[in-house]
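Undergrad: Below is a structure I'd like to ask you about.
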Amino acid sequence: MTALLVFAGHLRGACKNARLLEHFSRQCDAVFGACEKVLVTYTSPFGVSVNGKRRAPTHQLSHAQCLRRISEHVHFDNIQTVEETTSRNRANRYHQMIANVLLGIRMAQQSRHTVALRMRPDAGIGGINALLSNATWHTLLNIPADTVVQYGTYKSRDGDRVNGDNAFAARWDTFGRFVRLWSQEVVDLLSSGTCDHAELTMNPVARRHNFTLSWPSVGPALAQRSAAVRQSGRAAPREEKKLGALTSPARVRVRSSTR
């Protein structure tokens with residue numbers, strides 16, 4: 001089996017600390033035996049917020065310096081840098097994020113894989129959605145047909161699960177088909193002039209085209225152990241200790257979706 005791992009988004013904190021990127025790379029290789037890795041990122045490591053203000057950097061490294069540092073830890077089979085849109089329209093920016101995922105699929109050197117996975121380059125830093133534990137990575141081996149698994153979602157006030165765009169996976173054919181339809185959904189949203197719910201477009205794509213949006217199950221044994229540990233205050237299981245070491249000081253806080 002093989003996998004395509006698409007890192008798409010701003011480099012941000014990964015420039016200063018690439019340990020998580022290295023961890024994800026090794027996990028993908030270990031689970032699938034062969035894992036093709038591509039990176040689609042922007043010329044500015046931190047980018048500009050929707051209101052036009054440049055996001056406060058946590059380091060002063062340039063784009064080129066960031067890529068050099070990251071490449072010392074992770075071998076990417078392909079890297080593409082794009083100019084970030086200057087539009088203040090949230091849906092335009094969201095559409096570019098989806099276009100970057102599509103670009104990552106097209107950058108793959110192999111014609112097909114078993115599974116495709118998207119994560120942000122800064123996944124796991126500051127609570128950004130990621131696949132951290134070995135048990136979670138192994139859920140990629142059991143994704144049903146026509147199913148997109150979202151990692152790290154939470155429920156909004158109206159009951160919709162959001163934030164699933166930061167880390168999601170599917171079987172190869174399903175992944176490509178879903179992302180293409182998802183891109184079209186945002187184009188339709190833009191043409192309608194109603195852009196308030198761009199981040200929820202994974203949901204209508206799934207409903208309209210008979211996909212299942214799902215969430216990972218790491219198995220009852222680890223889930224029960226983790227729950228028991230949280231209640232008792234005892235030392236965390238080995239999986240959680242590894243997770244804490246990689247993401248310290250912030251463990252796993254779900255954060256609002258940003259690109």
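If you're wondering about the labels, chains in the structure tokens are A, B, ... by order shown, residues count from 1 in each chain, ligands from 1 in order shown.
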Could you find all residues in region 54-239 of chain A that DSSP calls alpha helix (DSSP H) from the backbone, and write them as a ChimeraX atom specification?
TA: /A:63-71,90-106,134-138,172-192,202-208,220-232,238-239
Undergrad: Would you mind listing what lies within 9 Å of Asn100 (chain A) as a PyMOL selection string, with only C-alpha atoms counted and same-chain residues fewer than 5 positions away left out?
TA: chain A and resi 8-9+40-41+82+95+105
Undergrad: Take the selection from the previous step and output its residues with N, CA and C atoms, as a tab-separated table (two decimals), in the first residue's frame.
TA:
chain	number	residue	atom	x	y	z
A	8	ALA	N	-0.58	21.33	2.90
A	8	ALA	CA	-1.02	22.52	2.18
A	8	ALA	C	-1.37	23.61	3.17
A	9	GLY	N	-0.74	24.78	3.01
A	9	GLY	CA	-1.02	25.90	3.88
A	9	GLY	C	0.23	26.68	4.24
A	40	VAL	N	2.55	22.24	-0.55
A	40	VAL	CA	2.05	23.41	-1.26
A	40	VAL	C	1.92	24.52	-0.23
A	41	THR	N	2.69	25.58	-0.40
A	41	THR	CA	2.69	26.63	0.62
A	41	THR	C	2.76	28.01	-0.04
A	82	VAL	N	3.06	29.16	-3.88
A	82	VAL	CA	2.08	29.98	-4.60
A	82	VAL	C	1.93	31.32	-3.90
A	95	HIS	N	-11.40	29.21	-1.12
A	95	HIS	CA	-11.29	28.51	-2.40
A	95	HIS	C	-9.82	28.28	-2.77
A	105	ILE	N	-2.57	17.08	-5.17
A	105	ILE	CA	-2.92	15.81	-5.82
A	105	ILE	C	-2.24	15.72	-7.18
Undergrad: Calculated over only C-alpha atoms, which of the candidates A:Phe76, A:Trp172, A:Phe7, A:Tyr154 has the smallest distance to Arg112 (chain A)?
TA: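 Looking at the shortest contact to Arg112 (chain A), the residue is A:Trp172.
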Undergrad: Write out as an MDAnalysis selection string the residues lying within 9 Å of Tyr94 (chain A), counting only C-alpha atoms and excluding same-chain residues fewer than 5 positions away.
TA: chainID A and resid 89 99 186 198:199 259
Undergrad: Deliver the residues from the most recent selection as a file, using N, CA and C atoms, as a compact mmCIF listing (two decimals), in the first residue's frame.
TA:
# COMPACT_ATOMS: atom_id res chain seq x y z
N ASN A 89 -12.29 38.69 0.76
CA ASN A 89 -13.47 37.83 0.73
C ASN A 89 -13.08 36.46 1.28
N ALA A 99 -7.95 24.82 -3.67
CA ALA A 99 -7.17 24.72 -4.90
C ALA A 99 -5.76 24.21 -4.61
N VAL A 186 -17.62 25.78 -3.53
CA VAL A 186 -17.24 27.13 -3.11
C VAL A 186 -17.38 28.11 -4.28
N ALA A 198 -18.63 29.39 4.16
CA ALA A 198 -17.66 28.71 3.29
C ALA A 198 -17.03 27.52 3.99
N GLU A 199 -16.79 27.63 5.28
CA GLU A 199 -16.10 26.56 5.99
C GLU A 199 -16.98 25.33 6.21
N ARG A 259 -6.17 29.32 7.53
CA ARG A 259 -5.39 28.74 6.44
C ARG A 259 -3.97 29.18 6.46
Undergrad: Residues at most 12 Å from Glu72 (chain A), counting only C-alpha atoms, excluding those fewer than 6 positions away in the same chain, as a list of chain:residue names?
TA: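 Once the nearby chain positions are removed, what remains is A:Cys15, A:Lys16, A:Asn17, A:Ala18, A:Arg19, A:Leu21, A:Glu22, A:Gln65, A:Cys66.
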Undergrad: Considering only C-alpha atoms, state which residue in the set A:Thr85, A:Leu61, A:Met107, A:Thr136 is at the smallest distance from Cys28 (chain A).
TA: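 The answer is A:Thr136, which sits nearest to Cys28 (chain A).
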Undergrad: Figure out the distance between CA of Pro216 (chain A) and CA of Leu132 (chain A), please, to one decimal in Å.
TA: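 Answer for the CA of Leu132 (chain A) to CA of Pro216 (chain A) separation: 12.2 Å.
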Undergrad: What does the distance from CA of Gln60 (chain A) to CA of Arg26 (chain A) come to in Å, to one decimal?
TA: 27.7 Å
Undergrad: What is the CA of Trp137 (chain A)-CA of Ala167 (chain A) distance in Å, reported with one decimal?
TA: 11.9 Å
Undergrad: Counting only C-alpha atoms, figure out which residue out of A:Leu141, A:Val38, A:Leu200, A:Ala116 gets nearest to Arg177 (chain A).
TA: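 Smallest separation from Arg177 (chain A) among the options: A:Ala116.
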Undergrad: Residues of region 5-241 of chain A classed as strand (DSSP E or B) by DSSP on the backbone are to be reported as an MDAnalysis selection string.
TA: chainID A and resid 5:8 34:42 48 54 78:82 115:119 147:150 154:155 161:162 167:171 212:214
Undergrad: Take the residues from that selection and put them in a file with C-alpha atoms, as an mmCIF file, in the first residue's frame.
TA:
data_model
loop_
_atom_site.group_PDB
_atom_site.id
_atom_site.type_symbol
_atom_site.label_atom_id
_atom_site.label_comp_id
_atom_site.auth_asym_id
_atom_site.auth_seq_id
_atom_site.Cartn_x
_atom_site.Cartn_y
_atom_site.Cartn_z
ATOM 1 C CA LEU A 5 0.511 13.061 2.172
ATOM 2 C CA VAL A 6 -0.380 16.602 1.078
ATOM 3 C CA PHE A 7 0.837 19.391 3.331
ATOM 4 C CA ALA A 8 -1.018 22.516 2.177
ATOM 5 C CA ALA A 34 5.769 3.966 0.974
ATOM 6 C CA CYS A 35 4.448 7.497 1.413
ATOM 7 C CA GLU A 36 4.767 10.234 -1.189
ATOM 8 C CA LYS A 37 4.959 13.686 0.397
ATOM 9 C CA VAL A 38 4.193 16.993 -1.293
ATOM 10 C CA LEU A 39 4.151 20.531 0.073
ATOM 11 C CA VAL A 40 2.054 23.414 -1.263
ATOM 12 C CA THR A 41 2.686 26.627 0.616
ATOM 13 C CA TYR A 42 2.729 30.414 0.324
ATOM 14 C CA VAL A 48 -2.316 37.990 5.934
ATOM 15 C CA ARG A 54 -0.279 40.695 8.550
ATOM 16 C CA ASN A 78 7.616 17.836 -4.649
ATOM 17 C CA ILE A 79 7.353 21.406 -3.345
ATOM 18 C CA GLN A 80 5.271 24.203 -4.867
ATOM 19 C CA THR A 81 5.068 27.803 -3.652
ATOM 20 C CA VAL A 82 2.077 29.979 -4.600
ATOM 21 C CA VAL A 115 -5.029 6.674 0.575
ATOM 22 C CA ALA A 116 -4.588 10.450 0.369
ATOM 23 C CA LEU A 117 -4.334 12.728 3.402
ATOM 24 C CA ARG A 118 -4.283 16.499 3.782
ATOM 25 C CA MET A 119 -2.731 18.283 6.736
ATOM 26 C CA THR A 147 -15.992 8.118 3.037
ATOM 27 C CA VAL A 148 -13.973 11.175 4.062
ATOM 28 C CA VAL A 149 -12.544 10.992 7.576
ATOM 29 C CA GLN A 150 -12.063 14.334 9.340
ATOM 30 C CA TYR A 154 -15.841 19.973 16.925
ATOM 31 C CA LYS A 155 -19.542 20.800 16.987
ATOM 32 C CA ARG A 161 -19.147 19.632 12.842
ATOM 33 C CA VAL A 162 -16.555 22.202 11.749
ATOM 34 C CA ALA A 167 -6.832 17.318 8.466
ATOM 35 C CA PHE A 168 -8.838 14.822 6.441
ATOM 36 C CA ALA A 169 -8.252 11.603 4.509
ATOM 37 C CA ALA A 170 -9.972 9.212 2.126
ATOM 38 C CA ARG A 171 -9.286 6.429 -0.293
ATOM 39 C CA THR A 212 -20.019 9.952 4.202
ATOM 40 C CA LEU A 213 -18.227 12.386 6.502
ATOM 41 C CA SER A 214 -16.790 10.404 9.366
#
